[in-house]
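File shown here: entry_1.cif, holding mmCIF, N, CA and C atoms.
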```cif
data_target
loop_
_atom_site.label_atom_id
_atom_site.label_comp_id
_atom_site.auth_asym_id
_atom_site.auth_seq_id
_atom_site.Cartn_x
_atom_site.Cartn_y
_atom_site.Cartn_z
N MET F 1 150.84 95.57 -32.62
CA MET F 1 149.72 96.28 -31.99
C MET F 1 149.18 95.40 -30.85
N ASN F 2 148.96 96.01 -29.68
CA ASN F 2 148.44 95.24 -28.56
C ASN F 2 146.91 95.17 -28.60
N ASP F 3 146.33 94.39 -27.69
CA ASP F 3 144.87 94.19 -27.65
C ASP F 3 144.13 95.52 -27.55
N TRP F 4 144.63 96.38 -26.69
CA TRP F 4 144.03 97.69 -26.44
C TRP F 4 143.98 98.52 -27.72
N GLU F 5 145.12 98.65 -28.37
CA GLU F 5 145.20 99.42 -29.62
C GLU F 5 144.35 98.79 -30.71
N ASN F 6 144.34 97.48 -30.77
CA ASN F 6 143.57 96.75 -31.77
C ASN F 6 142.07 97.03 -31.60
N ALA F 7 141.58 96.98 -30.36
CA ALA F 7 140.16 97.23 -30.09
C ALA F 7 139.77 98.66 -30.48
N ILE F 8 140.59 99.61 -30.09
CA ILE F 8 140.30 101.02 -30.39
C ILE F 8 140.32 101.26 -31.91
N ARG F 9 141.33 100.73 -32.59
CA ARG F 9 141.43 100.92 -34.04
C ARG F 9 140.21 100.34 -34.75
N ARG F 10 139.82 99.13 -34.36
CA ARG F 10 138.66 98.50 -35.00
C ARG F 10 137.38 99.30 -34.75
N LEU F 11 137.23 99.85 -33.54
CA LEU F 11 136.05 100.67 -33.24
C LEU F 11 136.04 101.92 -34.11
N GLU F 12 137.18 102.58 -34.21
CA GLU F 12 137.26 103.86 -34.92
C GLU F 12 137.19 103.71 -36.44
N GLU F 13 137.60 102.56 -36.97
CA GLU F 13 137.68 102.39 -38.42
C GLU F 13 136.54 101.56 -39.00
N SER F 14 135.48 101.38 -38.24
CA SER F 14 134.39 100.52 -38.72
C SER F 14 133.05 101.02 -38.22
N ALA F 15 132.03 100.25 -38.52
CA ALA F 15 130.68 100.56 -38.03
C ALA F 15 130.40 99.83 -36.72
N TYR F 16 131.42 99.20 -36.15
CA TYR F 16 131.22 98.47 -34.90
C TYR F 16 130.88 99.43 -33.76
N THR F 17 130.04 98.95 -32.86
CA THR F 17 129.69 99.71 -31.67
C THR F 17 130.45 99.20 -30.45
N CYS F 18 130.93 97.95 -30.54
CA CYS F 18 131.64 97.34 -29.43
C CYS F 18 132.65 96.33 -29.99
N VAL F 19 133.89 96.41 -29.49
CA VAL F 19 134.96 95.53 -29.92
C VAL F 19 135.71 95.04 -28.68
N LEU F 20 135.95 93.73 -28.62
CA LEU F 20 136.75 93.16 -27.54
C LEU F 20 137.86 92.33 -28.13
N CYS F 21 139.09 92.53 -27.66
CA CYS F 21 140.25 91.85 -28.21
C CYS F 21 141.10 91.24 -27.11
N LYS F 22 141.60 90.03 -27.40
CA LYS F 22 142.57 89.36 -26.54
C LYS F 22 143.34 88.39 -27.42
N GLY F 23 144.60 88.74 -27.71
CA GLY F 23 145.40 87.90 -28.60
C GLY F 23 144.76 87.82 -29.97
N GLU F 24 144.59 86.59 -30.45
CA GLU F 24 143.99 86.37 -31.77
C GLU F 24 142.46 86.40 -31.74
N THR F 25 141.87 86.45 -30.54
CA THR F 25 140.42 86.40 -30.40
C THR F 25 139.84 87.81 -30.42
N VAL F 26 138.89 88.04 -31.32
CA VAL F 26 138.25 89.35 -31.45
C VAL F 26 136.75 89.15 -31.53
N TYR F 27 136.01 89.88 -30.72
CA TYR F 27 134.55 89.89 -30.79
C TYR F 27 134.13 91.30 -31.19
N THR F 28 133.21 91.38 -32.17
CA THR F 28 132.72 92.68 -32.62
C THR F 28 131.21 92.64 -32.73
N SER F 29 130.60 93.82 -32.63
CA SER F 29 129.16 93.92 -32.80
C SER F 29 128.81 95.29 -33.36
N GLU F 30 127.71 95.31 -34.09
CA GLU F 30 127.15 96.58 -34.58
C GLU F 30 125.83 96.87 -33.87
N LYS F 31 125.47 96.03 -32.89
CA LYS F 31 124.24 96.26 -32.12
C LYS F 31 124.43 97.47 -31.22
N ARG F 32 123.32 98.10 -30.89
CA ARG F 32 123.38 99.31 -30.07
C ARG F 32 123.24 99.01 -28.59
N GLY F 33 123.66 99.98 -27.80
CA GLY F 33 123.49 99.90 -26.35
C GLY F 33 124.26 98.75 -25.73
N VAL F 34 123.64 98.14 -24.70
CA VAL F 34 124.29 97.05 -23.97
C VAL F 34 124.01 95.69 -24.58
N ALA F 35 123.26 95.64 -25.68
CA ALA F 35 122.88 94.37 -26.30
C ALA F 35 124.07 93.45 -26.61
N PRO F 36 125.18 93.98 -27.16
CA PRO F 36 126.30 93.07 -27.43
C PRO F 36 126.82 92.40 -26.17
N LEU F 37 127.00 93.18 -25.12
CA LEU F 37 127.54 92.63 -23.86
C LEU F 37 126.59 91.61 -23.25
N VAL F 38 125.31 91.93 -23.22
CA VAL F 38 124.33 90.99 -22.67
C VAL F 38 124.37 89.69 -23.47
N GLY F 39 124.44 89.79 -24.78
CA GLY F 39 124.48 88.60 -25.64
C GLY F 39 125.69 87.74 -25.36
N TRP F 40 126.87 88.35 -25.30
CA TRP F 40 128.09 87.57 -25.05
C TRP F 40 128.07 86.93 -23.67
N ILE F 41 127.68 87.71 -22.66
CA ILE F 41 127.68 87.19 -21.28
C ILE F 41 126.69 86.04 -21.14
N THR F 42 125.47 86.22 -21.64
CA THR F 42 124.44 85.18 -21.45
C THR F 42 124.71 83.93 -22.30
N SER F 43 125.51 84.07 -23.36
CA SER F 43 125.83 82.89 -24.15
C SER F 43 127.10 82.20 -23.66
N GLY F 44 127.68 82.72 -22.57
CA GLY F 44 128.81 82.05 -21.95
C GLY F 44 130.17 82.36 -22.55
N VAL F 45 130.28 83.42 -23.34
CA VAL F 45 131.57 83.80 -23.90
C VAL F 45 132.48 84.27 -22.77
N ASP F 46 133.69 83.74 -22.70
CA ASP F 46 134.65 84.10 -21.66
C ASP F 46 135.41 85.36 -22.10
N LEU F 47 135.11 86.47 -21.47
CA LEU F 47 135.73 87.75 -21.82
C LEU F 47 136.77 88.20 -20.80
N ARG F 48 137.11 87.33 -19.86
CA ARG F 48 138.09 87.70 -18.84
C ARG F 48 139.43 88.06 -19.47
N GLY F 49 139.95 89.21 -19.06
CA GLY F 49 141.25 89.65 -19.54
C GLY F 49 141.23 90.35 -20.88
N PHE F 50 140.06 90.55 -21.48
CA PHE F 50 139.97 91.23 -22.77
C PHE F 50 140.11 92.74 -22.59
N SER F 51 140.54 93.40 -23.67
CA SER F 51 140.52 94.85 -23.77
C SER F 51 139.31 95.20 -24.64
N ALA F 52 138.59 96.25 -24.25
CA ALA F 52 137.35 96.60 -24.95
C ALA F 52 137.36 98.05 -25.42
N ALA F 53 136.64 98.27 -26.51
CA ALA F 53 136.37 99.62 -27.00
C ALA F 53 134.89 99.66 -27.33
N ASP F 54 134.21 100.70 -26.84
CA ASP F 54 132.76 100.82 -27.00
C ASP F 54 132.45 102.27 -27.34
N LYS F 55 131.37 102.50 -28.07
CA LYS F 55 131.02 103.87 -28.49
C LYS F 55 130.71 104.78 -27.30
N ILE F 56 129.84 104.29 -26.41
CA ILE F 56 129.43 105.06 -25.24
C ILE F 56 129.32 104.10 -24.07
N VAL F 57 129.89 104.47 -22.92
CA VAL F 57 129.82 103.59 -21.76
C VAL F 57 129.24 104.35 -20.57
N GLY F 58 128.08 103.84 -20.13
CA GLY F 58 127.46 104.34 -18.92
C GLY F 58 127.60 103.30 -17.83
N LYS F 59 126.92 103.52 -16.72
CA LYS F 59 127.01 102.61 -15.59
C LYS F 59 126.55 101.20 -15.95
N ALA F 60 125.49 101.07 -16.76
CA ALA F 60 124.98 99.74 -17.13
C ALA F 60 126.06 98.94 -17.86
N ALA F 61 126.67 99.53 -18.86
CA ALA F 61 127.73 98.83 -19.61
C ALA F 61 128.92 98.56 -18.70
N ALA F 62 129.28 99.52 -17.86
CA ALA F 62 130.42 99.33 -16.96
C ALA F 62 130.21 98.14 -16.03
N LEU F 63 129.01 98.00 -15.50
CA LEU F 63 128.71 96.85 -14.63
C LEU F 63 128.81 95.55 -15.42
N LEU F 64 128.38 95.55 -16.67
CA LEU F 64 128.48 94.35 -17.51
C LEU F 64 129.94 94.04 -17.85
N PHE F 65 130.73 95.06 -18.14
CA PHE F 65 132.16 94.83 -18.38
C PHE F 65 132.81 94.24 -17.12
N ALA F 66 132.43 94.74 -15.94
CA ALA F 66 132.97 94.22 -14.69
C ALA F 66 132.57 92.76 -14.51
N LEU F 67 131.31 92.45 -14.77
CA LEU F 67 130.82 91.07 -14.65
C LEU F 67 131.59 90.14 -15.59
N ALA F 68 131.89 90.63 -16.78
CA ALA F 68 132.59 89.82 -17.78
C ALA F 68 134.08 89.65 -17.47
N GLY F 69 134.62 90.48 -16.60
CA GLY F 69 136.04 90.36 -16.25
C GLY F 69 136.98 91.04 -17.23
N VAL F 70 136.46 92.02 -17.97
CA VAL F 70 137.28 92.78 -18.91
C VAL F 70 138.31 93.59 -18.10
N LYS F 71 139.53 93.72 -18.63
CA LYS F 71 140.58 94.40 -17.85
C LYS F 71 140.77 95.87 -18.22
N ARG F 72 140.34 96.26 -19.42
CA ARG F 72 140.60 97.61 -19.90
C ARG F 72 139.48 98.04 -20.84
N VAL F 73 138.99 99.29 -20.68
CA VAL F 73 137.88 99.76 -21.52
C VAL F 73 138.17 101.18 -22.01
N TYR F 74 137.92 101.38 -23.29
CA TYR F 74 138.01 102.70 -23.90
C TYR F 74 136.66 103.05 -24.51
N ALA F 75 136.25 104.29 -24.37
CA ALA F 75 135.07 104.81 -25.07
C ALA F 75 135.27 106.30 -25.30
N PRO F 76 134.83 106.79 -26.45
CA PRO F 76 134.91 108.24 -26.65
C PRO F 76 134.15 109.01 -25.57
N VAL F 77 133.00 108.43 -25.12
CA VAL F 77 132.17 109.07 -24.11
C VAL F 77 131.89 108.08 -22.98
N MET F 78 132.12 108.52 -21.74
CA MET F 78 131.84 107.71 -20.56
C MET F 78 131.19 108.58 -19.51
N THR F 79 130.32 107.96 -18.72
CA THR F 79 129.69 108.70 -17.63
C THR F 79 130.57 108.65 -16.38
N GLU F 80 130.33 109.60 -15.49
CA GLU F 80 131.03 109.63 -14.21
C GLU F 80 130.76 108.33 -13.44
N THR F 81 129.52 107.84 -13.52
CA THR F 81 129.18 106.62 -12.78
C THR F 81 129.88 105.40 -13.36
N ALA F 82 130.11 105.38 -14.67
CA ALA F 82 130.86 104.28 -15.29
C ALA F 82 132.30 104.28 -14.78
N LEU F 83 132.90 105.45 -14.73
CA LEU F 83 134.27 105.55 -14.24
C LEU F 83 134.37 105.09 -12.79
N ALA F 84 133.35 105.39 -11.99
CA ALA F 84 133.34 104.95 -10.59
C ALA F 84 133.26 103.42 -10.50
N VAL F 85 132.44 102.80 -11.37
CA VAL F 85 132.33 101.34 -11.40
C VAL F 85 133.68 100.74 -11.77
N PHE F 86 134.31 101.28 -12.80
CA PHE F 86 135.61 100.75 -13.23
C PHE F 86 136.64 100.87 -12.11
N ALA F 87 136.67 102.00 -11.42
CA ALA F 87 137.62 102.20 -10.32
C ALA F 87 137.38 101.16 -9.22
N ARG F 88 136.10 100.93 -8.89
CA ARG F 88 135.74 99.95 -7.84
C ARG F 88 136.17 98.54 -8.19
N HIS F 89 136.15 98.22 -9.49
CA HIS F 89 136.44 96.86 -9.93
C HIS F 89 137.86 96.70 -10.49
N GLY F 90 138.68 97.73 -10.37
CA GLY F 90 140.07 97.64 -10.82
C GLY F 90 140.24 97.51 -12.32
N ILE F 91 139.32 98.11 -13.06
CA ILE F 91 139.37 98.07 -14.53
C ILE F 91 139.92 99.41 -15.03
N GLU F 92 140.96 99.34 -15.86
CA GLU F 92 141.53 100.55 -16.43
C GLU F 92 140.54 101.13 -17.44
N ALA F 93 140.27 102.42 -17.35
CA ALA F 93 139.29 103.04 -18.24
C ALA F 93 139.84 104.35 -18.79
N HIS F 94 139.58 104.59 -20.07
CA HIS F 94 140.00 105.82 -20.74
C HIS F 94 138.87 106.32 -21.62
N CYS F 95 138.71 107.64 -21.66
CA CYS F 95 137.70 108.24 -22.54
C CYS F 95 138.16 109.62 -22.97
N GLN F 96 137.45 110.17 -23.93
CA GLN F 96 137.74 111.53 -24.39
C GLN F 96 136.85 112.54 -23.67
N THR F 97 135.60 112.12 -23.39
CA THR F 97 134.63 113.02 -22.77
C THR F 97 133.94 112.31 -21.62
N ILE F 98 133.86 113.00 -20.48
CA ILE F 98 133.12 112.49 -19.33
C ILE F 98 131.81 113.27 -19.25
N THR F 99 130.70 112.53 -19.10
CA THR F 99 129.39 113.16 -19.03
C THR F 99 128.65 112.70 -17.78
N LYS F 100 127.65 113.46 -17.40
CA LYS F 100 126.86 113.10 -16.21
C LYS F 100 125.90 111.98 -16.50
N GLN F 101 125.29 112.00 -17.70
CA GLN F 101 124.31 110.96 -18.01
C GLN F 101 124.22 110.69 -19.51
N ILE F 102 123.63 109.55 -19.83
CA ILE F 102 123.37 109.18 -21.22
C ILE F 102 121.88 109.40 -21.47
N ILE F 103 121.58 110.06 -22.56
CA ILE F 103 120.19 110.37 -22.90
C ILE F 103 119.63 109.24 -23.77
N ASN F 104 118.32 108.99 -23.66
CA ASN F 104 117.70 107.94 -24.48
C ASN F 104 117.73 108.33 -25.96
N ARG F 105 117.44 107.36 -26.81
CA ARG F 105 117.56 107.59 -28.26
C ARG F 105 116.59 108.64 -28.78
N ALA F 106 115.47 108.81 -28.09
CA ALA F 106 114.50 109.84 -28.51
C ALA F 106 114.91 111.22 -28.04
N GLY F 107 115.90 111.28 -27.15
CA GLY F 107 116.37 112.56 -26.64
C GLY F 107 115.43 113.18 -25.62
N THR F 108 114.58 112.35 -25.02
CA THR F 108 113.55 112.88 -24.11
C THR F 108 113.83 112.65 -22.63
N GLY F 109 114.92 111.96 -22.32
CA GLY F 109 115.22 111.69 -20.91
C GLY F 109 116.40 110.74 -20.80
N PRO F 110 116.62 110.25 -19.58
CA PRO F 110 117.76 109.36 -19.38
C PRO F 110 117.60 108.03 -20.11
N CYS F 111 118.70 107.42 -20.45
CA CYS F 111 118.72 106.09 -21.07
C CYS F 111 118.02 105.10 -20.13
N PRO F 112 117.13 104.25 -20.65
CA PRO F 112 116.42 103.31 -19.78
C PRO F 112 117.34 102.32 -19.06
N MET F 113 118.45 101.96 -19.67
CA MET F 113 119.39 101.04 -19.00
C MET F 113 120.08 101.73 -17.83
N GLU F 114 120.39 103.00 -18.01
CA GLU F 114 121.02 103.76 -16.92
C GLU F 114 120.03 103.93 -15.76
N ARG F 115 118.77 104.19 -16.10
CA ARG F 115 117.74 104.31 -15.07
C ARG F 115 117.59 102.99 -14.33
N THR F 116 117.66 101.89 -15.07
CA THR F 116 117.50 100.55 -14.50
C THR F 116 118.57 100.25 -13.44
N VAL F 117 119.81 100.66 -13.69
CA VAL F 117 120.91 100.32 -12.77
C VAL F 117 121.29 101.45 -11.83
N SER F 118 120.51 102.52 -11.81
CA SER F 118 120.90 103.69 -11.03
C SER F 118 121.16 103.37 -9.55
N SER F 119 120.42 102.44 -8.97
CA SER F 119 120.62 102.11 -7.56
C SER F 119 121.27 100.73 -7.37
N ILE F 120 121.81 100.16 -8.45
CA ILE F 120 122.43 98.83 -8.39
C ILE F 120 123.94 98.96 -8.54
N ASN F 121 124.67 98.28 -7.66
CA ASN F 121 126.13 98.28 -7.77
C ASN F 121 126.72 96.88 -7.96
N ASP F 122 125.88 95.86 -7.85
CA ASP F 122 126.32 94.48 -8.01
C ASP F 122 126.16 94.08 -9.49
N PRO F 123 127.25 93.66 -10.15
CA PRO F 123 127.16 93.32 -11.58
C PRO F 123 126.16 92.21 -11.90
N GLU F 124 126.05 91.18 -11.06
CA GLU F 124 125.08 90.09 -11.31
C GLU F 124 123.64 90.62 -11.27
N LYS F 125 123.35 91.45 -10.26
CA LYS F 125 122.00 92.03 -10.15
C LYS F 125 121.73 92.97 -11.31
N ALA F 126 122.76 93.67 -11.75
CA ALA F 126 122.61 94.59 -12.88
C ALA F 126 122.23 93.81 -14.14
N LEU F 127 122.89 92.69 -14.38
CA LEU F 127 122.57 91.89 -15.57
C LEU F 127 121.11 91.47 -15.55
N LYS F 128 120.63 90.97 -14.44
CA LYS F 128 119.22 90.54 -14.34
C LYS F 128 118.27 91.70 -14.59
N ALA F 129 118.55 92.84 -13.98
CA ALA F 129 117.69 94.02 -14.15
C ALA F 129 117.72 94.52 -15.59
N ILE F 130 118.89 94.51 -16.20
CA ILE F 130 119.02 94.95 -17.60
C ILE F 130 118.25 94.02 -18.52
N GLN F 131 118.35 92.71 -18.29
CA GLN F 131 117.61 91.75 -19.12
C GLN F 131 116.11 91.98 -19.00
N GLN F 132 115.62 92.24 -17.79
CA GLN F 132 114.19 92.50 -17.60
C GLN F 132 113.77 93.75 -18.36
N THR F 133 114.56 94.80 -18.27
CA THR F 133 114.24 96.05 -18.97
C THR F 133 114.26 95.83 -20.48
N MET F 134 115.24 95.07 -20.99
CA MET F 134 115.30 94.79 -22.43
C MET F 134 114.05 94.04 -22.88
N GLU F 135 113.61 93.07 -22.08
CA GLU F 135 112.39 92.32 -22.41
C GLU F 135 111.17 93.23 -22.42
N GLN F 136 111.06 94.11 -21.43
CA GLN F 136 109.92 95.04 -21.37
C GLN F 136 109.93 95.99 -22.56
N LEU F 137 111.09 96.53 -22.90
CA LEU F 137 111.18 97.45 -24.04
C LEU F 137 110.85 96.74 -25.34
N SER F 138 111.30 95.50 -25.48
CA SER F 138 110.99 94.71 -26.67
C SER F 138 109.50 94.44 -26.79
N ALA F 139 108.88 94.10 -25.66
CA ALA F 139 107.43 93.84 -25.66
C ALA F 139 106.65 95.10 -26.03
N MET F 140 107.08 96.24 -25.50
CA MET F 140 106.41 97.52 -25.81
C MET F 140 106.57 97.85 -27.29
N LYS F 141 107.77 97.62 -27.82
CA LYS F 141 108.03 97.89 -29.24
C LYS F 141 107.17 96.99 -30.12
N ASN F 142 107.09 95.72 -29.77
CA ASN F 142 106.26 94.78 -30.55
C ASN F 142 104.80 95.12 -30.46
N ALA F 143 104.34 95.55 -29.29
CA ALA F 143 102.93 95.90 -29.10
C ALA F 143 102.54 97.13 -29.92
N SER F 144 103.50 98.05 -30.09
CA SER F 144 103.20 99.26 -30.85
C SER F 144 103.39 99.06 -32.35
N GLY F 145 103.94 97.91 -32.74
CA GLY F 145 104.12 97.61 -34.16
C GLY F 145 105.29 98.28 -34.80
N LYS F 146 106.23 98.82 -33.99
CA LYS F 146 107.40 99.51 -34.55
C LYS F 146 108.57 98.58 -34.67
#
```

Take the structure in the file and write it out as structure tokens.
Amino acid sequence: MNDWENAIRRLEESAYTCVLCKGETVYTSEKRGVAPLVGWITSGVDLRGFSAADKIVGKAAALLFALAGVKRVYAPVMTETALAVFARHGIEAHCQTITKQIINRAGTGPCPMERTVSSINDPEKALKAIQQTMEQLSAMKNASGK
């Protein structure tokens, strides 16, 4: 089984939300959204050349995959903007369903990470903006006691 097949199989047969494989090295996470990618990138994990499988990939995740140097990405659901990012960065991408946008967890509007990167095309700038949004959302959650 190659890296690509390994990542997809692990995603489909587990509770993982994100799986990255390259040879014997496998990274997995059950965290939601872009949190796994932000964590790996900011902790200095070298993901160049990895194959990835993720539950849902929008533009925010696509920019992070590009920043990380991932070579191939699969997701059951991908946005049109994610596919455009992958094409621009020479990353092979496959999905089952293409959608216009990702809705937030409450179902009341667009995903906050997608809103954050809507006008950003540079992966480095996207990471900074995503981190700021994650901090703001965390502060709001803590302030409300949830």

Practice problem: Could you jot down the atom N of Tyr74 in chain F to CA of Gln136 in chain F separation for me, Å, one decimal place? | Solution: 28.8 Å

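Interatomic distance, CA of Gly107 in chain F against CA of Gly58 in chain F: 15.8 Å.
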
Quiz item: What's the 7 Å shell around Ile130 in chain F, counting all atoms listed in the file, without same-chain residues fewer than 5 positions away, as JSON, numbers by chain?
Solution: {"F": [113, 116, 117, 125, 135]}

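The smallest atom-to-atom distance between Gly49 in chain F and any of F:Ala139, F:Cys21, F:Ile103, F:Ala35, using only N, CA and C atoms, is found for F:Cys21.
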
Quiz item: Tell me, which residues of chain F carry DSSP strand (DSSP E), written as a ChimeraX atom specification?
Solution: /F:18-22,25-29,51-54,56-57,72-79,92-99

Self-check item: Close residues, Ala15 in chain F itself excluded, 12 Å, only C-alpha atoms, min 3 positions apart in chain, as a ChimeraX atom specification
Solution: /F:9-12,18-19,28-32,54-55

Quiz item: Hey, can you check how far atom C of Asn2 in chain F sits from atom C of Ala53 in chain F?
Solution: 12.9 Å

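For the structure in this document, the set picked by the PyMOL selection byres (((chain F and resi 123 and name CA) around 9) and name CA) is Ala60, Ala62, Leu63, Leu64, Phe65, Ala66, Leu67, Ala68, Ile120, Asn121, Asp122, Glu124, Lys125, Ala126, Leu127 and Lys128 of chain F.
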
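Distances to Thr79 in chain F were evaluated for F:Pro112, F:His94, F:Lys100, F:Gln132 using only N, CA and C atoms, and the minimum falls at F:Lys100.
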
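Candidate residues F:Phe50, F:Ala84, F:Ile8, F:Leu37 were compared for distance to Gly23 in chain F, and the nearest is F:Phe50, using only N, CA and C atoms.
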
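The smallest atom-to-atom distance between Ser51 in chain F and any of F:Ala7, F:Ile102, F:Val85, F:Ala93, using all atoms listed in the file, is found for F:Ala7.
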
What are the centre and edge lengths in Å, to one decimal, of the axis-aligned box around all listed atoms of range 44-61 of chain F with 5 Å added on each side, as AutoDock Vina command-line options?
```
--center_x 133.1 --center_y 93.6 --center_z -22.0 --size_x 26.3 --size_y 33.0 --size_z 22.9
```

Exercise. Please return as a PyMOL selection string: the residues of range 22-84 of chain F that backbone DSSP assigns to alpha helix (DSSP H).
Key: chain F and resi 35-42+59-68+80-84

Quiz item: Neighbours of Met78 in chain F within 7 Å (only C-alpha atoms; same-chain residues fewer than 5 positions away dropped), as a PyMOL selection string?
Solution: chain F and resi 56-58+95+97-99
